[in-house]
$ cat run-v5.txt   # compact mmCIF, N, CA and C atoms
# COMPACT_ATOMS: atom_id res chain seq x y z
N GLN C 811 28.43 185.13 110.81
CA GLN C 811 29.05 185.49 109.55
C GLN C 811 28.36 184.72 108.42
N VAL C 812 27.90 185.43 107.42
CA VAL C 812 27.23 184.81 106.28
C VAL C 812 28.20 184.74 105.12
N GLN C 813 28.28 183.59 104.51
CA GLN C 813 29.14 183.44 103.34
C GLN C 813 28.29 183.31 102.09
N LEU C 814 28.71 183.99 101.04
CA LEU C 814 28.03 183.95 99.76
C LEU C 814 28.99 183.46 98.69
N VAL C 815 28.50 182.60 97.83
CA VAL C 815 29.33 182.09 96.75
C VAL C 815 28.57 182.24 95.44
N GLU C 816 29.15 182.99 94.51
CA GLU C 816 28.55 183.16 93.20
C GLU C 816 29.08 182.09 92.25
N SER C 817 28.24 181.71 91.30
CA SER C 817 28.67 180.77 90.26
C SER C 817 27.87 181.05 89.00
N GLY C 818 28.32 180.47 87.91
CA GLY C 818 27.57 180.57 86.66
C GLY C 818 28.12 181.58 85.67
N GLY C 819 29.17 182.28 86.05
CA GLY C 819 29.75 183.22 85.11
C GLY C 819 30.46 182.51 83.97
N GLY C 820 30.84 183.29 82.97
CA GLY C 820 31.53 182.70 81.83
C GLY C 820 31.54 183.67 80.68
N SER C 821 31.78 183.12 79.50
CA SER C 821 31.83 183.92 78.29
C SER C 821 30.66 183.59 77.40
N GLU C 822 30.08 184.62 76.83
CA GLU C 822 28.97 184.46 75.91
C GLU C 822 29.10 185.48 74.79
N GLN C 823 28.38 185.22 73.73
CA GLN C 823 28.35 186.16 72.63
C GLN C 823 27.13 187.07 72.75
N LEU C 824 27.18 188.15 72.00
CA LEU C 824 26.06 189.10 71.95
C LEU C 824 24.74 188.35 71.74
N GLY C 825 23.77 188.64 72.60
CA GLY C 825 22.47 188.01 72.49
C GLY C 825 22.33 186.70 73.25
N GLY C 826 23.40 186.23 73.82
CA GLY C 826 23.37 184.98 74.55
C GLY C 826 22.79 185.12 75.95
N SER C 827 22.81 184.02 76.68
CA SER C 827 22.25 184.00 78.03
C SER C 827 23.22 183.33 79.00
N LEU C 828 23.14 183.79 80.23
CA LEU C 828 23.87 183.17 81.33
C LEU C 828 22.98 183.21 82.56
N ARG C 829 23.20 182.26 83.44
CA ARG C 829 22.42 182.21 84.69
C ARG C 829 23.40 182.18 85.85
N LEU C 830 23.37 183.22 86.64
CA LEU C 830 24.23 183.30 87.81
C LEU C 830 23.47 182.80 89.04
N SER C 831 24.20 182.19 89.95
CA SER C 831 23.61 181.74 91.20
C SER C 831 24.39 182.31 92.37
N CYS C 832 23.69 182.58 93.43
CA CYS C 832 24.29 183.07 94.66
C CYS C 832 23.84 182.15 95.78
N ALA C 833 24.77 181.38 96.29
CA ALA C 833 24.47 180.43 97.37
C ALA C 833 24.87 181.05 98.70
N ALA C 834 23.96 181.00 99.64
CA ALA C 834 24.19 181.62 100.94
C ALA C 834 24.29 180.56 102.03
N SER C 835 25.16 180.80 102.98
CA SER C 835 25.33 179.88 104.12
C SER C 835 24.31 180.21 105.20
N LEU C 836 23.05 180.14 104.79
CA LEU C 836 21.95 180.46 105.68
C LEU C 836 21.00 179.28 105.72
N ALA C 837 20.37 179.08 106.85
CA ALA C 837 19.39 177.99 106.93
C ALA C 837 18.20 178.29 106.03
N THR C 838 17.87 179.56 105.90
CA THR C 838 16.79 180.00 105.04
C THR C 838 17.06 181.41 104.58
N LEU C 839 16.56 181.73 103.41
CA LEU C 839 16.71 183.09 102.90
C LEU C 839 15.58 184.01 103.37
N ASP C 840 14.64 183.46 104.10
CA ASP C 840 13.50 184.25 104.56
C ASP C 840 13.96 185.52 105.27
N PHE C 841 13.38 186.64 104.82
CA PHE C 841 13.59 187.94 105.42
C PHE C 841 14.98 188.53 105.15
N TRP C 842 15.73 187.90 104.26
CA TRP C 842 16.99 188.47 103.82
C TRP C 842 16.78 189.13 102.47
N THR C 843 17.48 190.22 102.24
CA THR C 843 17.46 190.88 100.94
C THR C 843 18.75 190.53 100.22
N ILE C 844 18.63 190.14 98.97
CA ILE C 844 19.80 189.79 98.17
C ILE C 844 19.89 190.74 96.99
N GLY C 845 21.07 191.27 96.80
CA GLY C 845 21.31 192.17 95.69
C GLY C 845 22.40 191.65 94.78
N TRP C 846 22.31 191.99 93.53
CA TRP C 846 23.37 191.72 92.56
C TRP C 846 23.98 193.04 92.12
N PHE C 847 25.29 193.08 92.10
CA PHE C 847 26.04 194.24 91.65
C PHE C 847 27.05 193.79 90.61
N ARG C 848 27.59 194.74 89.87
CA ARG C 848 28.63 194.41 88.91
C ARG C 848 29.64 195.55 88.83
N GLN C 849 30.84 195.17 88.46
CA GLN C 849 31.89 196.17 88.29
C GLN C 849 32.72 195.81 87.06
N ALA C 850 32.71 196.72 86.12
CA ALA C 850 33.50 196.55 84.91
C ALA C 850 34.86 197.20 85.10
N PRO C 851 35.87 196.78 84.36
CA PRO C 851 37.20 197.36 84.51
C PRO C 851 37.17 198.87 84.31
N GLY C 852 37.76 199.59 85.25
CA GLY C 852 37.84 201.03 85.15
C GLY C 852 36.57 201.77 85.47
N LYS C 853 35.54 201.03 85.90
CA LYS C 853 34.26 201.67 86.21
C LYS C 853 33.87 201.42 87.67
N GLU C 854 32.97 202.23 88.14
CA GLU C 854 32.48 202.05 89.50
C GLU C 854 31.50 200.88 89.56
N ARG C 855 31.40 200.32 90.74
CA ARG C 855 30.41 199.26 90.95
C ARG C 855 29.01 199.83 90.78
N GLU C 856 28.15 199.05 90.16
CA GLU C 856 26.78 199.50 89.97
C GLU C 856 25.81 198.40 90.36
N GLY C 857 24.67 198.83 90.85
CA GLY C 857 23.63 197.87 91.21
C GLY C 857 22.94 197.34 89.98
N VAL C 858 22.59 196.07 90.02
CA VAL C 858 21.92 195.43 88.90
C VAL C 858 20.48 195.08 89.25
N SER C 859 20.31 194.40 90.39
CA SER C 859 18.98 193.97 90.78
C SER C 859 18.99 193.58 92.25
N CYS C 860 17.81 193.51 92.84
CA CYS C 860 17.71 193.03 94.21
C CYS C 860 16.34 192.40 94.42
N ILE C 861 16.27 191.52 95.41
CA ILE C 861 15.02 190.87 95.75
C ILE C 861 14.84 190.89 97.25
N ASN C 862 13.64 191.28 97.66
CA ASN C 862 13.28 191.26 99.07
C ASN C 862 12.53 189.96 99.32
N THR C 863 13.13 189.03 100.01
CA THR C 863 12.45 187.76 100.24
C THR C 863 11.26 187.92 101.18
N TYR C 864 11.20 189.02 101.90
CA TYR C 864 10.08 189.30 102.79
C TYR C 864 8.76 189.27 102.04
N ASP C 865 8.75 189.90 100.86
CA ASP C 865 7.51 189.95 100.11
C ASP C 865 7.69 189.56 98.65
N GLY C 866 8.90 189.16 98.28
CA GLY C 866 9.16 188.74 96.92
C GLY C 866 9.32 189.87 95.93
N SER C 867 9.33 191.10 96.40
CA SER C 867 9.45 192.23 95.47
C SER C 867 10.86 192.29 94.87
N THR C 868 10.93 192.77 93.66
CA THR C 868 12.20 192.86 92.95
C THR C 868 12.38 194.25 92.36
N VAL C 869 13.64 194.61 92.18
CA VAL C 869 13.99 195.90 91.59
C VAL C 869 15.10 195.65 90.57
N TYR C 870 15.06 196.40 89.48
CA TYR C 870 16.06 196.24 88.43
C TYR C 870 16.62 197.60 88.01
N ALA C 871 17.88 197.59 87.65
CA ALA C 871 18.46 198.77 87.02
C ALA C 871 17.84 198.94 85.64
N ASP C 872 17.70 200.17 85.20
CA ASP C 872 17.11 200.42 83.89
C ASP C 872 17.88 199.71 82.78
N SER C 873 19.19 199.59 82.96
CA SER C 873 20.04 199.00 81.91
C SER C 873 19.79 197.51 81.69
N VAL C 874 19.15 196.85 82.66
CA VAL C 874 18.93 195.41 82.53
C VAL C 874 17.46 195.04 82.55
N LYS C 875 16.60 196.02 82.76
CA LYS C 875 15.17 195.75 82.86
C LYS C 875 14.67 195.09 81.57
N GLY C 876 13.92 194.02 81.73
CA GLY C 876 13.41 193.30 80.57
C GLY C 876 14.35 192.24 80.03
N ARG C 877 15.59 192.25 80.48
CA ARG C 877 16.57 191.26 80.03
C ARG C 877 17.01 190.33 81.16
N PHE C 878 17.10 190.86 82.36
CA PHE C 878 17.56 190.08 83.52
C PHE C 878 16.38 189.78 84.43
N THR C 879 16.44 188.64 85.09
CA THR C 879 15.41 188.26 86.05
C THR C 879 16.06 187.69 87.30
N ILE C 880 15.73 188.27 88.42
CA ILE C 880 16.22 187.77 89.70
C ILE C 880 15.14 186.90 90.32
N ALA C 881 15.56 185.79 90.91
CA ALA C 881 14.56 184.88 91.47
C ALA C 881 15.17 184.10 92.62
N ARG C 882 14.29 183.61 93.44
CA ARG C 882 14.70 182.83 94.59
C ARG C 882 14.49 181.35 94.28
N ASP C 883 15.47 180.54 94.59
CA ASP C 883 15.38 179.10 94.41
C ASP C 883 15.44 178.46 95.79
N ASP C 884 14.28 178.21 96.37
CA ASP C 884 14.24 177.68 97.74
C ASP C 884 14.81 176.27 97.83
N ALA C 885 14.67 175.51 96.78
CA ALA C 885 15.17 174.13 96.81
C ALA C 885 16.68 174.10 97.02
N ARG C 886 17.35 175.11 96.48
CA ARG C 886 18.82 175.17 96.59
C ARG C 886 19.27 176.27 97.54
N ASN C 887 18.33 176.98 98.14
CA ASN C 887 18.66 178.10 99.03
C ASN C 887 19.58 179.08 98.33
N THR C 888 19.23 179.40 97.11
CA THR C 888 20.04 180.32 96.33
C THR C 888 19.15 181.39 95.70
N VAL C 889 19.79 182.41 95.21
CA VAL C 889 19.13 183.42 94.40
C VAL C 889 19.82 183.42 93.05
N THR C 890 19.04 183.38 92.00
CA THR C 890 19.59 183.34 90.65
C THR C 890 19.37 184.66 89.94
N LEU C 891 20.24 184.91 88.97
CA LEU C 891 20.10 186.06 88.09
C LEU C 891 20.16 185.52 86.66
N GLN C 892 19.02 185.41 86.04
CA GLN C 892 18.95 184.95 84.65
C GLN C 892 19.20 186.15 83.75
N MET C 893 20.22 186.04 82.93
CA MET C 893 20.62 187.16 82.08
C MET C 893 20.44 186.75 80.63
N ASN C 894 19.51 187.39 79.96
CA ASN C 894 19.22 187.13 78.55
C ASN C 894 19.60 188.33 77.70
N SER C 895 19.65 188.12 76.42
CA SER C 895 19.96 189.20 75.46
C SER C 895 21.20 189.97 75.91
N LEU C 896 22.23 189.24 76.23
CA LEU C 896 23.44 189.86 76.76
C LEU C 896 24.09 190.79 75.75
N LYS C 897 24.69 191.84 76.29
CA LYS C 897 25.37 192.84 75.48
C LYS C 897 26.82 192.96 75.96
N PRO C 898 27.71 193.43 75.13
CA PRO C 898 29.10 193.61 75.57
C PRO C 898 29.21 194.50 76.82
N GLU C 899 28.32 195.46 76.94
CA GLU C 899 28.36 196.33 78.11
C GLU C 899 27.93 195.65 79.41
N ASP C 900 27.48 194.41 79.30
CA ASP C 900 27.19 193.63 80.51
C ASP C 900 28.46 192.97 81.06
N THR C 901 29.55 193.06 80.33
CA THR C 901 30.80 192.47 80.78
C THR C 901 31.25 193.11 82.09
N ALA C 902 31.46 192.28 83.10
CA ALA C 902 31.84 192.78 84.43
C ALA C 902 32.04 191.59 85.36
N VAL C 903 32.56 191.89 86.52
CA VAL C 903 32.53 190.92 87.61
C VAL C 903 31.22 191.16 88.36
N TYR C 904 30.46 190.09 88.54
CA TYR C 904 29.16 190.19 89.19
C TYR C 904 29.28 189.68 90.63
N TYR C 905 28.73 190.45 91.54
CA TYR C 905 28.76 190.12 92.96
C TYR C 905 27.35 190.03 93.50
N CYS C 906 27.13 189.10 94.41
CA CYS C 906 25.89 189.12 95.16
C CYS C 906 26.20 189.57 96.59
N ALA C 907 25.20 190.14 97.20
CA ALA C 907 25.34 190.66 98.56
C ALA C 907 24.03 190.43 99.29
N THR C 908 24.08 190.40 100.62
CA THR C 908 22.87 190.19 101.37
C THR C 908 22.89 190.96 102.68
N ASP C 909 21.70 191.23 103.15
CA ASP C 909 21.54 191.90 104.43
C ASP C 909 20.21 191.48 105.03
N ARG C 910 20.21 191.33 106.34
CA ARG C 910 19.03 190.82 107.04
C ARG C 910 17.96 191.90 107.19
N TYR C 911 18.33 193.15 107.32
CA TYR C 911 17.37 194.18 107.73
C TYR C 911 17.06 195.23 106.67
N TYR C 912 17.73 195.13 105.54
CA TYR C 912 17.53 196.14 104.51
C TYR C 912 16.41 195.73 103.57
N TYR C 913 15.53 196.66 103.24
CA TYR C 913 14.47 196.44 102.25
C TYR C 913 14.84 197.27 101.04
N CYS C 914 15.15 196.61 99.94
CA CYS C 914 15.64 197.35 98.78
C CYS C 914 14.49 197.93 97.97
N GLU C 915 14.61 199.20 97.68
CA GLU C 915 13.68 199.88 96.79
C GLU C 915 14.43 200.52 95.63
N THR C 916 15.72 200.44 95.69
CA THR C 916 16.60 200.90 94.63
C THR C 916 17.80 199.96 94.60
N VAL C 917 18.43 199.84 93.44
CA VAL C 917 19.54 198.89 93.32
C VAL C 917 20.87 199.47 93.75
N ASP C 918 20.92 200.77 94.04
CA ASP C 918 22.20 201.45 94.18
C ASP C 918 22.81 201.48 95.57
N ARG C 919 22.11 200.96 96.57
CA ARG C 919 22.57 201.10 97.94
C ARG C 919 23.48 199.97 98.37
N ALA C 920 24.67 199.92 97.77
CA ALA C 920 25.63 198.88 98.13
C ALA C 920 26.03 198.97 99.59
N ASP C 921 26.00 200.19 100.14
CA ASP C 921 26.40 200.38 101.52
C ASP C 921 25.46 199.74 102.53
N GLU C 922 24.28 199.32 102.08
CA GLU C 922 23.30 198.72 102.98
C GLU C 922 23.53 197.23 103.21
N TYR C 923 24.41 196.63 102.42
CA TYR C 923 24.62 195.19 102.50
C TYR C 923 25.86 194.87 103.34
N ASP C 924 25.68 193.93 104.23
CA ASP C 924 26.77 193.58 105.14
C ASP C 924 27.66 192.45 104.63
N TYR C 925 27.11 191.59 103.78
CA TYR C 925 27.84 190.40 103.36
C TYR C 925 27.94 190.36 101.84
N TRP C 926 29.12 190.00 101.37
CA TRP C 926 29.40 190.00 99.93
C TRP C 926 30.10 188.72 99.51
N GLY C 927 29.82 188.31 98.28
CA GLY C 927 30.54 187.19 97.71
C GLY C 927 31.82 187.67 97.05
N GLN C 928 32.55 186.72 96.48
CA GLN C 928 33.84 187.03 95.86
C GLN C 928 33.70 187.46 94.41
N GLY C 929 32.57 187.21 93.82
CA GLY C 929 32.35 187.65 92.44
C GLY C 929 32.56 186.55 91.42
N THR C 930 31.91 186.71 90.28
CA THR C 930 32.07 185.80 89.16
C THR C 930 32.13 186.63 87.88
N GLN C 931 33.06 186.26 87.00
CA GLN C 931 33.29 187.06 85.79
C GLN C 931 32.28 186.70 84.71
N VAL C 932 31.73 187.73 84.09
CA VAL C 932 30.86 187.59 82.92
C VAL C 932 31.48 188.40 81.79
N THR C 933 31.70 187.73 80.67
CA THR C 933 32.29 188.39 79.51
C THR C 933 31.39 188.17 78.31
N VAL C 934 31.00 189.25 77.67
CA VAL C 934 30.13 189.18 76.49
C VAL C 934 30.87 189.79 75.32
N SER C 935 31.00 189.02 74.26
CA SER C 935 31.71 189.50 73.08
C SER C 935 30.72 189.80 71.97
N SER C 936 31.11 190.73 71.12
CA SER C 936 30.21 191.15 70.02
C SER C 936 30.47 190.35 68.77

$ encode --input "run-v5.txt" --output "structure tokens"
Amino acid sequence: QVQLVESGGGSEQLGGSLRLSCAASLATLDFWTIGWFRQAPGKEREGVSCINTYDGSTVYADSVKGRFTIARDDARNTVTLQMNSLKPEDTAVYYCATDRYYYCETVDRADEYDYWGQGTQVTVSS
């Protein structure tokens, strides 16, 4: 059983930045795929970004491309999501998820991930 813990959420104003972290109870992130998803009140969950640690490839939703950056932090065995130029529409609960055998080529395949964190709230005000 893999446990994931998200941190770094909070409140920011339009144009601000936040950095989310996803800590995994794994000896190493090698060959695991980590995805970030978000769910706003009254809306369906949507994929934000994912990283394939196998080759370091990353994928982003069009809505966050150029503003968000997903990265691996081997020193802390975590995956971070740097969120810049935040907009009110980024307000949501953000979740990280992981799977050992899935190679992400799109951000939308939530069904491919076996393990999920509890989420962290991000609120952006205008």

$ closest_residue --input "run-v5.txt" --among "C:Gly929, C:Pro851, C:Gly866, C:Gly876" --to "Ser895 (chain C)" --atoms "only C-alpha atoms"
C:Gly876

$ closest_residue --input "run-v5.txt" --among "C:Thr863, C:Trp846, C:Asp921, C:Glu899" --to "Arg882 (chain C)" --atoms "all atoms listed in the file"
C:Thr863

$ closest_residue --input "run-v5.txt" --among "C:Leu836, C:Leu830, C:Val932, C:Met893" --to "Thr879 (chain C)" --atoms "all atoms listed in the file"
C:Met893

$ closest_residue --input "run-v5.txt" --among "C:Ala834, C:Ser873, C:Val917, C:Val903" --to "Val889 (chain C)" --atoms "all atoms listed in the file"
C:Ala834

$ closest_residue --input "run-v5.txt" --among "C:Glu856, C:Tyr905, C:Tyr870, C:Pro898" --to "Ser936 (chain C)" --atoms "all atoms listed in the file"
C:Pro898

$ residues_around --input "run-v5.txt" --residues "Val934 (chain C)" --least-positions-apart "3" --cutoff "8 Å" --atoms "only N, CA and C atoms" --output "number ranges by chain"
C: 820-826, 896-902, 931

$ closest_residue --input "run-v5.txt" --among "C:Gly845, C:Gly818, C:Gly857, C:Gly852" --to "Cys906 (chain C)" --atoms "only C-alpha atoms"
C:Gly845

$ atom_distance --input "run-v5.txt" --atom1 "CA of Ala837 (chain C)" --atom2 "CA of Trp926 (chain C)"
17.1 Å
